[in-house]
Structures are given as structure tokens and as C-alpha cells.
>>> print(open('run.txt').read())   # compact mmCIF, C-alpha atoms
# COMPACT_ATOMS: atom_id res chain seq x y z
CA MET S 1202 -4.68 29.81 -7.48
CA SER S 1203 -6.19 28.18 -10.57
CA GLU S 1204 -9.46 26.30 -10.37
CA ASN S 1205 -7.84 22.93 -10.85
CA ALA S 1206 -4.95 23.51 -8.38
CA ALA S 1207 -6.50 21.01 -6.00
CA ASP S 1208 -6.47 18.46 -8.83
CA GLN S 1209 -2.68 18.75 -8.89
CA LEU S 1210 -2.24 17.11 -5.50
CA PHE S 1211 -1.18 13.49 -5.44
CA LEU S 1212 -2.41 10.92 -2.99
CA GLY S 1213 0.20 8.38 -1.93
CA ARG S 1214 0.34 5.95 0.97
CA GLN S 1215 2.91 4.06 3.01
CA PRO S 1216 2.08 1.05 5.19
CA ILE S 1217 2.53 1.14 8.97
CA LEU S 1218 2.96 -2.32 10.53
CA ASP S 1219 2.48 -3.70 14.04
CA ARG S 1220 4.84 -5.96 16.03
CA ASN S 1221 3.59 -9.04 14.14
CA GLN S 1222 4.37 -7.35 10.83
CA GLN S 1223 0.66 -7.06 10.09
CA LEU S 1224 -0.79 -3.96 8.49
CA PHE S 1225 -1.94 -1.48 11.16
CA ALA S 1226 -2.50 1.76 9.21
CA TYR S 1227 -1.42 3.79 6.19
CA GLU S 1228 0.31 7.14 6.24
CA LEU S 1229 -1.56 9.12 3.59
CA LEU S 1230 0.71 11.44 1.64
CA PHE S 1231 -0.83 14.49 0.05
CA ARG S 1232 1.83 16.07 -2.12
CA SER S 1233 1.56 18.98 -4.49
CA GLY S 1234 2.47 18.40 -8.11
CA SER S 1235 3.26 22.10 -8.35
CA ARG S 1236 6.90 22.95 -7.74
CA ASN S 1237 6.25 26.49 -6.56
CA PHE S 1238 3.57 27.48 -4.07
CA ALA S 1239 4.24 31.20 -3.81
CA ASP S 1240 1.21 31.81 -1.61
CA ILE S 1241 1.69 29.53 1.40
CA THR S 1242 -1.81 30.13 2.80
CA CYS S 1243 -3.29 29.26 -0.56
CA GLY S 1244 -1.19 26.08 -0.66
CA VAL S 1245 -2.38 25.00 2.78
CA GLN S 1246 -5.98 25.70 1.83
CA ALA S 1247 -5.61 23.60 -1.32
CA THR S 1248 -4.05 20.72 0.62
CA ALA S 1249 -6.74 20.95 3.30
CA THR S 1250 -9.47 20.94 0.67
CA VAL S 1251 -8.02 17.90 -1.08
CA ILE S 1252 -7.68 15.98 2.18
CA ALA S 1253 -11.25 16.79 3.17
CA ASN S 1254 -12.47 15.88 -0.33
CA ALA S 1255 -10.47 12.66 -0.28
CA PHE S 1256 -12.70 11.36 2.49
CA THR S 1257 -15.87 12.30 0.63
CA GLU S 1258 -15.37 12.46 -3.13
CA LEU S 1259 -12.62 9.82 -3.27
CA GLY S 1260 -14.03 7.61 -0.54
CA VAL S 1261 -10.69 7.24 1.27
CA GLU S 1262 -12.47 6.32 4.49
CA ALA S 1263 -14.03 3.32 2.75
CA ALA S 1264 -10.72 2.53 1.05
CA LEU S 1265 -8.88 2.37 4.36
CA GLY S 1266 -11.30 -0.31 5.58
CA GLU S 1267 -10.41 -1.33 9.11
CA TYR S 1268 -7.12 0.58 8.93
CA ARG S 1269 -6.59 4.19 9.94
CA GLY S 1270 -4.93 6.91 7.89
CA PHE S 1271 -2.11 8.99 9.40
CA ILE S 1272 -2.21 12.54 8.00
CA ASN S 1273 0.58 15.13 8.22
CA VAL S 1274 -0.55 18.37 9.84
CA ASP S 1275 1.55 21.55 9.69
CA GLU S 1276 0.90 24.67 11.74
CA ALA S 1277 -1.40 26.38 9.22
CA PHE S 1278 -3.43 23.20 8.59
CA LEU S 1279 -3.70 22.61 12.35
CA PHE S 1280 -5.79 25.77 12.60
CA SER S 1281 -7.84 25.13 9.44
CA ASP S 1282 -11.58 24.57 9.95
CA LEU S 1283 -11.44 21.90 7.26
CA LEU S 1284 -9.54 19.67 9.67
CA GLU S 1285 -12.74 19.20 11.63
CA LEU S 1286 -14.48 17.69 8.59
CA LEU S 1287 -12.27 14.61 8.83
CA PRO S 1288 -13.72 11.41 10.34
CA ARG S 1289 -12.20 11.21 13.83
CA HIS S 1290 -12.27 7.40 14.04
CA ALA S 1291 -10.52 6.93 10.68
CA VAL S 1292 -7.55 9.28 11.02
CA VAL S 1293 -4.53 10.02 13.18
CA LEU S 1294 -3.35 13.65 13.03
CA GLU S 1295 0.43 13.60 12.73
CA ILE S 1296 1.78 16.91 14.02
CA LEU S 1297 4.89 17.79 12.07
CA GLU S 1298 8.17 18.64 13.79
CA THR S 1299 7.96 22.14 12.24
CA VAL S 1300 4.93 23.03 14.41
CA PRO S 1301 6.14 25.26 17.30
CA PRO S 1302 4.75 24.26 20.73
CA THR S 1303 3.13 27.67 21.36
CA ALA S 1304 0.26 28.25 23.79
CA ALA S 1305 -2.14 28.52 20.82
CA VAL S 1306 -0.93 25.21 19.38
CA ILE S 1307 -1.32 23.46 22.75
CA GLU S 1308 -4.83 24.90 23.14
CA ARG S 1309 -5.81 23.75 19.63
CA CYS S 1310 -4.47 20.22 20.27
CA ILE S 1311 -6.41 20.01 23.55
CA ALA S 1312 -9.59 21.02 21.67
CA LEU S 1313 -9.00 18.48 18.86
CA LYS S 1314 -8.30 15.72 21.37
CA ALA S 1315 -11.48 16.60 23.26
CA THR S 1316 -13.53 16.11 20.07
CA GLY S 1317 -12.11 12.60 19.61
CA PHE S 1318 -9.05 12.98 17.40
CA THR S 1319 -5.97 10.81 17.97
CA LEU S 1320 -2.73 12.82 17.87
CA ALA S 1321 0.80 11.74 16.95
CA LEU S 1322 4.08 13.68 17.08
CA ASP S 1323 6.24 13.29 13.99
CA ASP S 1324 10.02 12.96 13.51
CA VAL S 1325 11.11 12.93 17.15
CA ILE S 1326 14.90 12.52 17.52
CA GLN S 1327 15.34 14.10 20.95
CA LEU S 1328 13.23 15.31 23.85
CA GLU S 1329 13.30 19.08 24.01
CA PRO S 1330 11.85 20.61 27.21
CA ALA S 1331 9.76 23.04 25.11
CA TYR S 1332 7.80 20.08 23.68
CA ALA S 1333 6.89 18.51 27.05
CA GLU S 1334 3.33 19.85 27.04
CA LEU S 1335 2.67 18.81 23.44
CA LEU S 1336 4.22 15.41 24.08
CA ALA S 1337 1.83 14.86 27.00
CA LEU S 1338 -1.16 15.32 24.62
CA VAL S 1339 -0.19 12.87 21.89
CA GLU S 1340 -0.86 9.13 21.98
CA ILE S 1341 1.73 8.09 19.37
CA VAL S 1342 5.34 9.24 19.11
CA LYS S 1343 7.04 8.72 15.73
CA VAL S 1344 10.80 8.34 16.13
CA ASP S 1345 13.00 8.93 13.09
CA ILE S 1346 15.63 6.24 13.65
CA GLN S 1347 17.91 7.22 10.74
CA PRO S 1348 20.05 9.95 12.37
CA LEU S 1349 20.31 8.12 15.72
CA SER S 1350 23.03 5.71 16.80
CA ARG S 1351 22.03 2.55 18.70
CA ILE S 1352 22.96 4.22 22.00
CA GLN S 1353 21.06 7.45 21.20
CA LEU S 1354 17.98 5.46 20.19
CA MET S 1355 18.14 3.39 23.38
CA GLN S 1356 18.49 6.53 25.52
CA LEU S 1357 15.55 8.22 23.77
CA VAL S 1358 13.32 5.16 24.22
CA MET S 1359 14.23 4.95 27.92
CA LYS S 1360 13.00 8.54 28.36
CA LEU S 1361 9.83 7.97 26.31
CA LYS S 1362 8.75 4.62 27.81
CA PRO S 1363 7.66 5.94 31.24
CA MET S 1364 5.28 8.34 29.45
CA GLY S 1365 3.15 5.39 28.27
CA LYS S 1366 3.11 6.47 24.62
CA GLN S 1367 2.80 4.14 21.65
CA LEU S 1368 6.18 4.26 19.89
CA LEU S 1369 6.41 4.17 16.10
CA ALA S 1370 9.79 3.66 14.42
CA GLU S 1371 9.93 5.36 11.03
CA LYS S 1372 12.41 4.99 8.16
CA VAL S 1373 13.08 1.36 9.11
CA ASP S 1374 15.14 0.23 6.14
CA SER S 1375 16.46 -3.18 7.16
CA ARG S 1376 15.46 -6.28 9.06
CA GLU S 1377 18.27 -5.59 11.56
CA GLN S 1378 16.77 -2.17 12.35
CA MET S 1379 13.33 -3.75 12.67
CA GLU S 1380 14.63 -6.34 15.15
CA GLN S 1381 16.51 -3.72 17.17
CA CYS S 1382 13.35 -1.57 17.45
CA LEU S 1383 11.28 -4.61 18.43
CA LYS S 1384 13.70 -5.35 21.30
CA LEU S 1385 13.53 -1.73 22.45
CA GLY S 1386 9.73 -1.94 22.72
CA PHE S 1387 8.46 -0.12 19.63
CA SER S 1388 4.95 -1.29 18.72
CA LEU S 1389 4.59 0.26 15.24
CA PHE S 1390 6.94 0.37 12.26
CA GLN S 1391 7.10 2.30 9.01
CA GLY S 1392 9.53 1.84 6.16
CA TYR S 1393 10.19 -0.38 3.21
CA TYR S 1394 12.44 -2.92 4.91
CA PHE S 1395 9.81 -5.58 4.17
CA ALA S 1396 9.73 -4.63 0.48
CA ARG S 1397 13.44 -5.17 -0.04
CA PRO S 1398 15.00 -8.50 -0.99
CA THR S 1399 16.20 -10.36 2.08
CA ILE S 1400 19.90 -11.22 2.36
CA ILE S 1401 19.06 -14.94 2.51
CA SER S 1402 19.70 -16.31 -0.96
CA GLY S 1403 18.24 -19.35 -2.64
CA LYS S 1404 14.66 -18.85 -1.42
CA LYS S 1405 12.50 -20.19 -4.22
CA LEU S 1406 8.89 -19.79 -5.17
CA ASP S 1407 7.22 -22.96 -3.95
CA HIS S 1408 5.80 -25.41 -6.47
CA SER S 1409 2.20 -24.30 -6.07
CA GLN S 1410 3.08 -20.60 -6.56
CA ILE S 1411 5.00 -21.42 -9.77
CA SER S 1412 2.01 -23.48 -11.00
CA LEU S 1413 -0.38 -20.64 -10.23
CA MET S 1414 1.77 -18.12 -12.08
CA LYS S 1415 2.18 -20.43 -15.07
CA LEU S 1416 -1.60 -20.77 -15.21
CA MET S 1417 -2.03 -17.00 -15.03
CA GLY S 1418 0.52 -16.64 -17.85
CA LEU S 1419 -1.48 -19.10 -19.99
CA LEU S 1420 -4.72 -17.24 -19.33
CA LEU S 1421 -3.13 -13.88 -20.17
CA GLY S 1422 -1.71 -15.36 -23.36
CA ASP S 1423 -5.19 -16.62 -24.31
CA ALA S 1424 -3.91 -20.22 -24.47
CA PRO S 1425 -6.35 -22.93 -25.61
CA THR S 1426 -8.45 -24.54 -22.87
CA SER S 1427 -6.72 -27.89 -23.50
CA GLU S 1428 -3.35 -26.31 -22.58
CA ILE S 1429 -4.79 -24.85 -19.35
CA GLU S 1430 -6.26 -28.29 -18.54
CA THR S 1431 -2.84 -29.91 -19.04
CA ALA S 1432 -1.23 -27.38 -16.67
CA LEU S 1433 -3.90 -28.00 -14.02
CA LYS S 1434 -3.72 -31.81 -14.12
CA PRO S 1435 -0.54 -32.21 -12.01
CA GLU S 1436 -2.18 -30.05 -9.30
CA PRO S 1437 -4.89 -32.23 -7.69
CA GLY S 1438 -5.50 -29.77 -4.83
CA LEU S 1439 -6.06 -26.90 -7.25
CA THR S 1440 -8.24 -29.04 -9.49
CA ILE S 1441 -10.52 -30.14 -6.62
CA ASN S 1442 -10.86 -26.55 -5.41
CA LEU S 1443 -11.62 -25.35 -8.92
CA LEU S 1444 -14.33 -27.98 -9.42
CA ARG S 1445 -15.84 -27.21 -5.99
CA MET S 1446 -15.90 -23.50 -6.71
CA THR S 1447 -17.36 -23.91 -10.19
CA ASN S 1448 -20.10 -26.17 -8.86
CA SER S 1449 -20.96 -23.61 -6.17
CA VAL S 1450 -20.93 -20.75 -8.73
CA GLY S 1451 -23.24 -22.75 -11.00
CA SER S 1452 -25.37 -24.06 -8.14
CA GLY S 1453 -28.49 -22.53 -9.72
CA SER S 1454 -28.29 -25.00 -12.58
CA SER S 1455 -28.88 -28.75 -12.47
CA GLU S 1456 -25.80 -29.30 -14.63
CA LYS S 1457 -22.85 -30.79 -12.71
CA ILE S 1458 -19.27 -30.00 -13.65
CA THR S 1459 -17.39 -33.15 -14.52
CA SER S 1460 -14.24 -32.12 -16.37
CA LEU S 1461 -11.61 -29.43 -16.08
CA GLY S 1462 -12.40 -28.13 -19.56
CA HIS S 1463 -16.07 -27.90 -18.62
CA ALA S 1464 -15.18 -26.06 -15.38
CA ILE S 1465 -13.03 -23.52 -17.25
CA THR S 1466 -15.85 -22.89 -19.74
CA VAL S 1467 -18.54 -22.49 -17.04
CA LEU S 1468 -16.42 -20.33 -14.75
CA GLY S 1469 -15.03 -18.17 -17.54
CA ARG S 1470 -11.41 -17.22 -18.04
CA ARG S 1471 -11.56 -13.85 -16.33
CA GLN S 1472 -13.16 -15.32 -13.21
CA LEU S 1473 -10.57 -18.13 -13.21
CA GLN S 1474 -7.78 -15.56 -13.46
CA ARG S 1475 -9.16 -13.63 -10.47
CA TRP S 1476 -9.36 -16.85 -8.44
CA LEU S 1477 -5.75 -17.73 -9.25
CA GLN S 1478 -4.63 -14.24 -8.27
CA LEU S 1479 -6.34 -14.61 -4.91
CA LEU S 1480 -4.57 -17.94 -4.40
CA VAL S 1481 -1.18 -16.36 -5.20
CA PHE S 1482 -1.81 -13.74 -2.51
CA SER S 1483 -2.73 -16.32 0.10
CA ALA S 1484 -0.17 -19.01 -0.89
CA GLY S 1485 2.44 -19.58 1.78
CA THR S 1486 0.74 -17.17 4.19
CA PRO S 1487 -0.10 -18.69 7.58
CA SER S 1488 -3.82 -18.79 8.34
CA GLY S 1489 -5.05 -15.66 10.07
CA THR S 1490 -2.27 -13.39 8.78
CA SER S 1491 -1.88 -11.18 5.74
CA ASN S 1492 1.57 -10.45 4.38
CA PRO S 1493 1.85 -6.64 3.96
CA LEU S 1494 4.06 -7.16 0.91
CA LEU S 1495 1.34 -9.25 -0.75
CA LEU S 1496 -1.22 -6.54 0.06
CA LEU S 1497 1.13 -3.96 -1.46
CA SER S 1498 1.50 -6.22 -4.49
CA ALA S 1499 -2.29 -6.58 -4.81
CA THR S 1500 -2.78 -2.81 -4.54
CA ARG S 1501 -0.09 -2.11 -7.13
CA GLY S 1502 -1.55 -4.64 -9.56
CA ARG S 1503 -5.07 -3.28 -9.20
CA LEU S 1504 -3.88 0.35 -9.50
CA MET S 1505 -2.08 -0.47 -12.75
CA GLU S 1506 -5.11 -2.37 -14.07
CA LEU S 1507 -7.41 0.59 -13.37
CA LEU S 1508 -5.00 3.09 -14.95
CA ALA S 1509 -4.56 0.81 -17.99
CA GLY S 1510 -8.35 0.91 -18.39
CA LYS S 1511 -8.19 4.72 -18.53
CA LEU S 1512 -5.28 4.70 -20.98
CA GLN S 1513 -6.81 2.16 -23.37
CA PRO S 1514 -10.56 2.00 -22.61
CA GLY S 1515 -12.20 -1.29 -23.52
CA ASP S 1516 -8.89 -3.15 -23.95
CA ILE S 1517 -9.34 -5.89 -21.32
CA GLY S 1518 -6.17 -7.68 -22.47
CA PHE S 1519 -4.02 -4.60 -21.76
CA ALA S 1520 -5.66 -4.14 -18.34
CA ASP S 1521 -5.00 -7.80 -17.47
CA GLN S 1522 -1.35 -7.46 -18.51
CA ALA S 1523 -1.02 -4.33 -16.33
CA PHE S 1524 -2.39 -6.26 -13.33
CA MET S 1525 0.04 -9.12 -13.94
CA ALA S 1526 3.01 -6.74 -14.26
CA GLY S 1527 2.00 -5.02 -11.01
CA ILE S 1528 1.75 -8.13 -8.87
CA MET S 1529 4.82 -9.75 -10.43
CA SER S 1530 6.98 -6.64 -9.83
CA LEU S 1531 7.19 -7.33 -6.09
CA MET S 1532 8.07 -11.03 -6.45
CA PRO S 1533 11.87 -10.35 -6.20
CA ALA S 1534 11.28 -8.89 -2.72
CA LEU S 1535 9.12 -11.86 -1.74
CA VAL S 1536 11.55 -14.56 -2.82
CA GLY S 1537 14.96 -12.83 -2.93
CA GLN S 1538 15.55 -13.67 -6.60
CA PRO S 1539 16.18 -11.39 -9.61
CA ILE S 1540 13.06 -10.66 -11.67
CA ALA S 1541 14.62 -12.21 -14.80
CA ASP S 1542 15.02 -15.58 -13.01
CA ILE S 1543 11.42 -15.48 -11.76
CA VAL S 1544 9.96 -14.50 -15.14
CA ALA S 1545 11.93 -17.04 -17.23
CA PRO S 1546 9.83 -20.18 -16.59
CA LEU S 1547 6.43 -18.44 -16.57
CA GLY S 1548 5.77 -17.99 -20.28
CA LEU S 1549 4.62 -14.37 -19.86
CA THR S 1550 3.68 -12.20 -22.83
CA ALA S 1551 6.49 -10.04 -24.23
CA ASN S 1552 4.79 -6.82 -23.05
CA VAL S 1553 4.70 -7.98 -19.41
CA ARG S 1554 8.20 -9.48 -19.53
CA ASP S 1555 9.74 -6.34 -21.07
CA ALA S 1556 8.00 -4.04 -18.57
CA LEU S 1557 9.30 -6.12 -15.64
CA CYS S 1558 12.83 -6.76 -16.88
CA ALA S 1559 13.57 -3.56 -18.83
CA GLY S 1560 10.90 -1.08 -17.68
CA SER S 1561 9.91 -0.56 -21.31
CA GLY S 1562 6.62 0.30 -23.00
CA PRO S 1563 3.42 1.73 -21.49
CA LEU S 1564 3.39 -1.05 -18.86
CA GLY S 1565 6.90 -0.02 -17.76
CA ALA S 1566 5.71 3.60 -17.40
CA LEU S 1567 2.65 2.44 -15.43
CA LEU S 1568 4.93 0.46 -13.13
CA ARG S 1569 7.10 3.53 -12.48
CA LEU S 1570 3.97 5.58 -11.80
CA ALA S 1571 2.74 3.03 -9.24
CA GLU S 1572 6.13 2.83 -7.50
CA SER S 1573 6.46 6.64 -7.32
CA SER S 1574 2.94 6.90 -5.95
CA GLU S 1575 3.72 4.41 -3.16
CA SER S 1576 6.82 6.31 -2.06
CA GLY S 1577 5.41 9.82 -2.53
CA ASP S 1578 8.18 10.60 -5.04
CA ILE S 1579 6.80 13.69 -6.79
CA SER S 1580 9.53 14.04 -9.42
CA GLY S 1581 9.09 10.35 -10.34
CA LEU S 1582 5.32 10.80 -10.53
CA THR S 1583 5.64 13.84 -12.75
CA VAL S 1584 8.03 12.06 -15.14
CA ALA S 1585 5.84 8.91 -15.29
CA LEU S 1586 2.66 10.95 -15.90
CA GLY S 1587 4.51 12.75 -18.69
CA GLU S 1588 5.11 9.36 -20.35
CA LEU S 1589 1.40 8.52 -20.12
CA PRO S 1590 -0.56 11.28 -21.86
CA GLY S 1591 -4.21 11.21 -20.87
CA LEU S 1592 -3.61 10.35 -17.21
CA SER S 1593 -4.10 13.19 -14.70
CA PRO S 1594 -3.18 13.38 -11.00
CA LYS S 1595 -6.93 13.36 -10.26
CA ALA S 1596 -7.42 10.11 -12.22
CA LEU S 1597 -4.44 8.64 -10.35
CA ASN S 1598 -5.94 9.60 -6.98
CA HIS S 1599 -9.29 8.01 -7.84
CA ALA S 1600 -7.61 4.82 -9.05
CA GLN S 1601 -5.39 4.76 -5.95
CA THR S 1602 -8.43 4.86 -3.68
CA GLN S 1603 -10.24 2.14 -5.63
CA ALA S 1604 -7.10 -0.03 -5.57
CA LEU S 1605 -6.82 0.30 -1.78
CA GLN S 1606 -10.46 -0.67 -1.39
CA TRP S 1607 -10.00 -3.72 -3.58
CA SER S 1608 -6.77 -4.93 -1.96
CA ASN S 1609 -8.26 -4.57 1.53
CA SER S 1610 -11.22 -6.72 0.52
CA ILE S 1611 -9.04 -9.32 -1.23
CA GLY S 1612 -6.70 -9.41 1.77
CA GLN S 1613 -9.65 -10.21 4.01
CA GLU S 1614 -10.85 -12.92 1.59
CA ALA S 1615 -7.38 -14.44 1.51
CA ILE S 1616 -7.30 -14.87 5.30
CA ALA S 1617 -10.98 -15.75 5.74
>>> encode(input="run.txt", output="C-alpha cells")
Amino acid sequence: MSENAADQLFLGRQPILDRNQQLFAYELLFRSGSRNFADITCGVQATATVIANAFTELGVEAALGEYRGFINVDEAFLFSDLLELLPRHAVVLEILETVPPTAAVIERCIALKATGFTLALDDVIQLEPAYAELLALVEIVKVDIQPLSRIQLMQLVMKLKPMGKQLLAEKVDSREQMEQCLKLGFSLFQGYYFARPTIISGKKLDHSQISLMKLMGLLLGDAPTSEIETALKPEPGLTINLLRMTNSVGSGSSEKITSLGHAITVLGRRQLQRWLQLLVFSAGTPSGTSNPLLLLSATRGRLMELLAGKLQPGDIGFADQAFMAGIMSLMPALVGQPIADIVAPLGLTANVRDALCAGSGPLGALLRLAESSESGDISGLTVALGELPGLSPKALNHAQTQALQWSNSIGQEAIA
């Protein structure tokens, strides 16, 4: 295997939510960019090395914050010594359905559990007697709900419940499925049902969110301060908060902020933009909760901003546009409106608008790269990377980790 084979593994992640639809963990996806791993042992070793490195070199443990990372473990990886390098408190070992419940496997799982690892069993669709011993060792059972009818799912849950396991429903693709699983007693959920537009039509961005986005559009377009002042004036709540914040930022000086123009100058446009972005994430979110879709939006925006910085170093304007395109791209799912309708009144720059509405230009390619990374779509990742010469899988992994770290911290700020 070539020296940089490990660099060809992509890191992706999918959110796992609890019963209150709050983020509980991420499933970390380590996928090979190589189509053909002739030497299976070599492939496992490369994957194991990347996963171990991810928690050291990439700082995934720090990026996960308070959340744990679920990691897929096949039979060969289960017996790899590298597995023991992983931080026990930060990961859940997800034993794949392809792992046979042999005596050696059971013994290895007992040993891992004894050293403090949490085990989960993946893709359960029926209870086979051969898996009884393995099932007894795991704490979390992941049920693939897709191939099961309502009756089959109910029957499976009735058998699992007396075992006292935490049940995780995976591939939850609609709100109806989510509600059905909630009623059956599942406590964890995985799937993109929350990232799809709801059936309810006519849900609009509220006035304050539209104002915030208009302001961000003005800042991105480098509008004159007088224009930004005019946009802020009808928003007394925003104005008071801005003045308060600017006074606290400039608390070292005796100078008091008296006007909006003065506040914008003292705070600086980039800092103002960051503040507005934080407000967008927290707008309409009940105190003490964090909307997983907003966290996904924050992560996507930050990932695109970081990658834009690698594509065009020193071009802050391009990086800001990439961030805006990233966070705006999930607005249709948040409000159930087409992107063109959302973008129309915001006065966005042509680059951002075209990326969102037509997927064109470097920003469109960055958006496809971010989306493929979230879903673990290797062919999509490969195509998008091909459109962005200069970006490597390794650079993507680093940026992904940094983006997770940032969105976790901003999510905590938003609910503080």
C-alpha cells in the first residue's frame, strides 16, 4: 500500500439525536477513497490507523466536545491492537452485522467491555439465536427500520425491550417514522428526516431572521456603513444588543459608543458578521435547546469557509461567501420553502445566489463537497474534489474536524 494510502480515507459524520431531538452523538464514517482494496488486511490496517490518528492528529476527540463518536468495527478491526488506542469515554464501538458471533469474537468483546468501552450492535432486523451472547454484551442496539413493516418493527421491539438495551432507530427518513419509533420506546434516532423540508407549507422565516440575513448580505456585499445603519434602525432589540456588546468589547477604553455607525466601526465588520451568524443560529430556538439542523448548518458553513481559505488563501471575501452559502443551503429544510424564494429578498452576491440556486461556480462545488461529506457519499466526494483542484482528502478531514469543533462551541454559546 502506498505511503499516502491513509490520506485517502474520508472522515464523514452523521448526527444521532435523542428523544427530544437534541444532538446525542455523531456516527463517524471512515470511508476509503480508493475503489479497490485488493489486500483486505492492508485496508483494515489503513482504516484502523486513520481512526487512531483522527483522535490524535486531527483532534476528533476535542471536536466531538460533549458528544460521543460511534465507530463502525468489522471483524478484522475488532481484533486490531489499534482499537485500544481510542479514548474509551469518547467512542462507542459499533459492531457491524457482518461480524460472526464466534467464541473468539465474544471473548474479545468481553475484554473490550472490561476495559471501559461501550458496545453497540449495528443493523439489527431480527433476533437470531446465534447472536444472543453478543446481544447480552452490548448496551445499544441499532435497528435498521427500513426493511421492516410496522408489525415487524413492533414485534422486534417487544423482544428487545425486556433486555434493557438502549434502542437506536437508524435510517429514519420521515417525521412519521420518527413518531412511530418514539411511541415504540426508541431513545436514539439517526437519519436525515430532520434535514428534509416538512410537509407543512407556508412556514416563513420570521421577521428577525429575515432582518439578520439581510444584514449579513449587506456585510458580505461590503455595503456602506450608512446602509447597514438604515437596515438596523427598524430593529430596536438588535440595536440595543449591538450597542451593549460593542460597549463591553470596548470596555478597556473610556470612549462610549453612542451611534450605530460608531458601533459598527468599533466592532468591525467581520466581528459584526460573526455576531449576526450566531443570532441566526439561536433565533427561534427555545432557551436551553439546540436545533440539530442549525448545528448541521453551522458546521457546513464553517467547513466551506475553511476549505475556501485553502482554495484561495488570503481571500477573506471568498471565505465569507462560502460560509454564507453553507448556512443558507439548509434554510429550505428549516422553513419548508424553495431556496429561490428564500434568497430573493436577501440581496446576496451573485456568487452565493448562483451556488445556492444553480450549484454553479467554486462555491457550488464546495457545497456539493460538504453535502457528500455529511452523507458519506464517496462517489460524490470524489467528483466534488475533482472539481476543486488543490483540495485533498486529508485537507478535507482536517477542515471537517475544525468545523465540528467550531459548531459545537457556537451551539453552546447560542444556548448559554
>>> closest_atom_pairs(input="run.txt", of="segment 1305-1363 of chain S", to="segment 1264-1279 of chain S", cutoff="9 Å", atoms="only C-alpha atoms", output="tab-separated table")
residue	atom	partner	partner_atom	distance
S:Val1306	CA	S:Glu1276	CA	7.9
S:Arg1309	CA	S:Leu1279	CA	7.7
S:Cys1310	CA	S:Leu1279	CA	8.3
S:Ala1321	CA	S:Phe1271	CA	8.5
S:Asp1323	CA	S:Asn1273	CA	8.3
>>> closest_atom_pairs(input="run.txt", of="segment 1279-1340 of chain S", to="segment 1363-1366 of chain S", cutoff="10 Å", atoms="all atoms listed in the file", output="JSON lines")
{"residue": "S:Ala1321", "atom": "CA", "partner": "S:Lys1366", "partner_atom": "CA", "distance": 9.6}
{"residue": "S:Leu1336", "atom": "CA", "partner": "S:Met1364", "partner_atom": "CA", "distance": 8.9}
{"residue": "S:Ala1337", "atom": "CA", "partner": "S:Met1364", "partner_atom": "CA", "distance": 7.8}
{"residue": "S:Leu1338", "atom": "CA", "partner": "S:Lys1366", "partner_atom": "CA", "distance": 9.8}
{"residue": "S:Val1339", "atom": "CA", "partner": "S:Lys1366", "partner_atom": "CA", "distance": 7.7}
{"residue": "S:Glu1340", "atom": "CA", "partner": "S:Lys1366", "partner_atom": "CA", "distance": 5.5}
>>> closest_residue(input="run.txt", among="S:Leu1369, S:Leu1287, S:Leu1383, S:Leu1421", to="Arg1220 of chain S", atoms="all atoms listed in the file")
S:Leu1383
>>> residues_around(input="run.txt", residues="Gly1562 of chain S", least_positions_apart="6", cutoff="9 Å", atoms="only C-alpha atoms", output="VMD selection string")
chain S and resid 1552 1555 to 1556
>>> atom_distance(input="run.txt", atom1="atom CA of Pro1302 of chain S", atom2="atom CA of Phe1390 of chain S")
25.4 Å
>>> closest_residue(input="run.txt", among="S:Asp1578, S:Glu1371, S:Glu1285, S:Glu1572", to="Gly1527 of chain S", atoms="all atoms listed in the file")
S:Glu1572
>>> atom_distance(input="run.txt", atom1="atom CA of Lys1415 of chain S", atom2="atom CA of Arg1569 of chain S")
24.6 Å
>>> atom_distance(input="run.txt", atom1="atom CA of Ala1464 of chain S", atom2="atom CA of Leu1420 of chain S")
14.2 Å
>>> residues_around(input="run.txt", residues="Ala1559 of chain S", least_positions_apart="5", cutoff="12 Å", atoms="all atoms listed in the file", output="number ranges by chain")
S: 1526, 1530, 1540-1541, 1551-1554, 1564-1566, 1568-1569
>>> write_last_selection(input="run.txt", atoms="C-alpha atoms", output="compact mmCIF listing (two decimals), keeping the file's coordinate frame")
# COMPACT_ATOMS: atom_id res chain seq x y z
CA ALA S 1526 3.01 -6.74 -14.26
CA SER S 1530 6.98 -6.64 -9.83
CA ILE S 1540 13.06 -10.66 -11.67
CA ALA S 1541 14.62 -12.21 -14.80
CA ALA S 1551 6.49 -10.04 -24.23
CA ASN S 1552 4.79 -6.82 -23.05
CA VAL S 1553 4.70 -7.98 -19.41
CA ARG S 1554 8.20 -9.48 -19.53
CA LEU S 1564 3.39 -1.05 -18.86
CA GLY S 1565 6.90 -0.02 -17.76
CA ALA S 1566 5.71 3.60 -17.40
CA LEU S 1568 4.93 0.46 -13.13
CA ARG S 1569 7.10 3.53 -12.48
>>> axis_aligned_box(input="run.txt", around="segment 1583-1601 of chain S", padding_each_side="4 Å", output="JSON")
{"center_x": -0.6, "center_y": 9.3, "center_z": -13.9, "size_x": 25.3, "size_y": 17.1, "size_z": 23.9}
>>> closest_residue(input="run.txt", among="S:Lys1595, S:His1463, S:Lys1360, S:Lys1372", to="Lys1343 of chain S", atoms="all atoms listed in the file")
S:Lys1372
>>> closest_residue(input="run.txt", among="S:Ala1305, S:Leu1473, S:Leu1495, S:Leu1504", to="Gly1213 of chain S", atoms="only C-alpha atoms")
S:Leu1504
>>> closest_residue(input="run.txt", among="S:Ile1252, S:Met1417, S:Leu1512, S:Leu1507", to="Pro1590 of chain S", atoms="all atoms listed in the file")
S:Leu1512
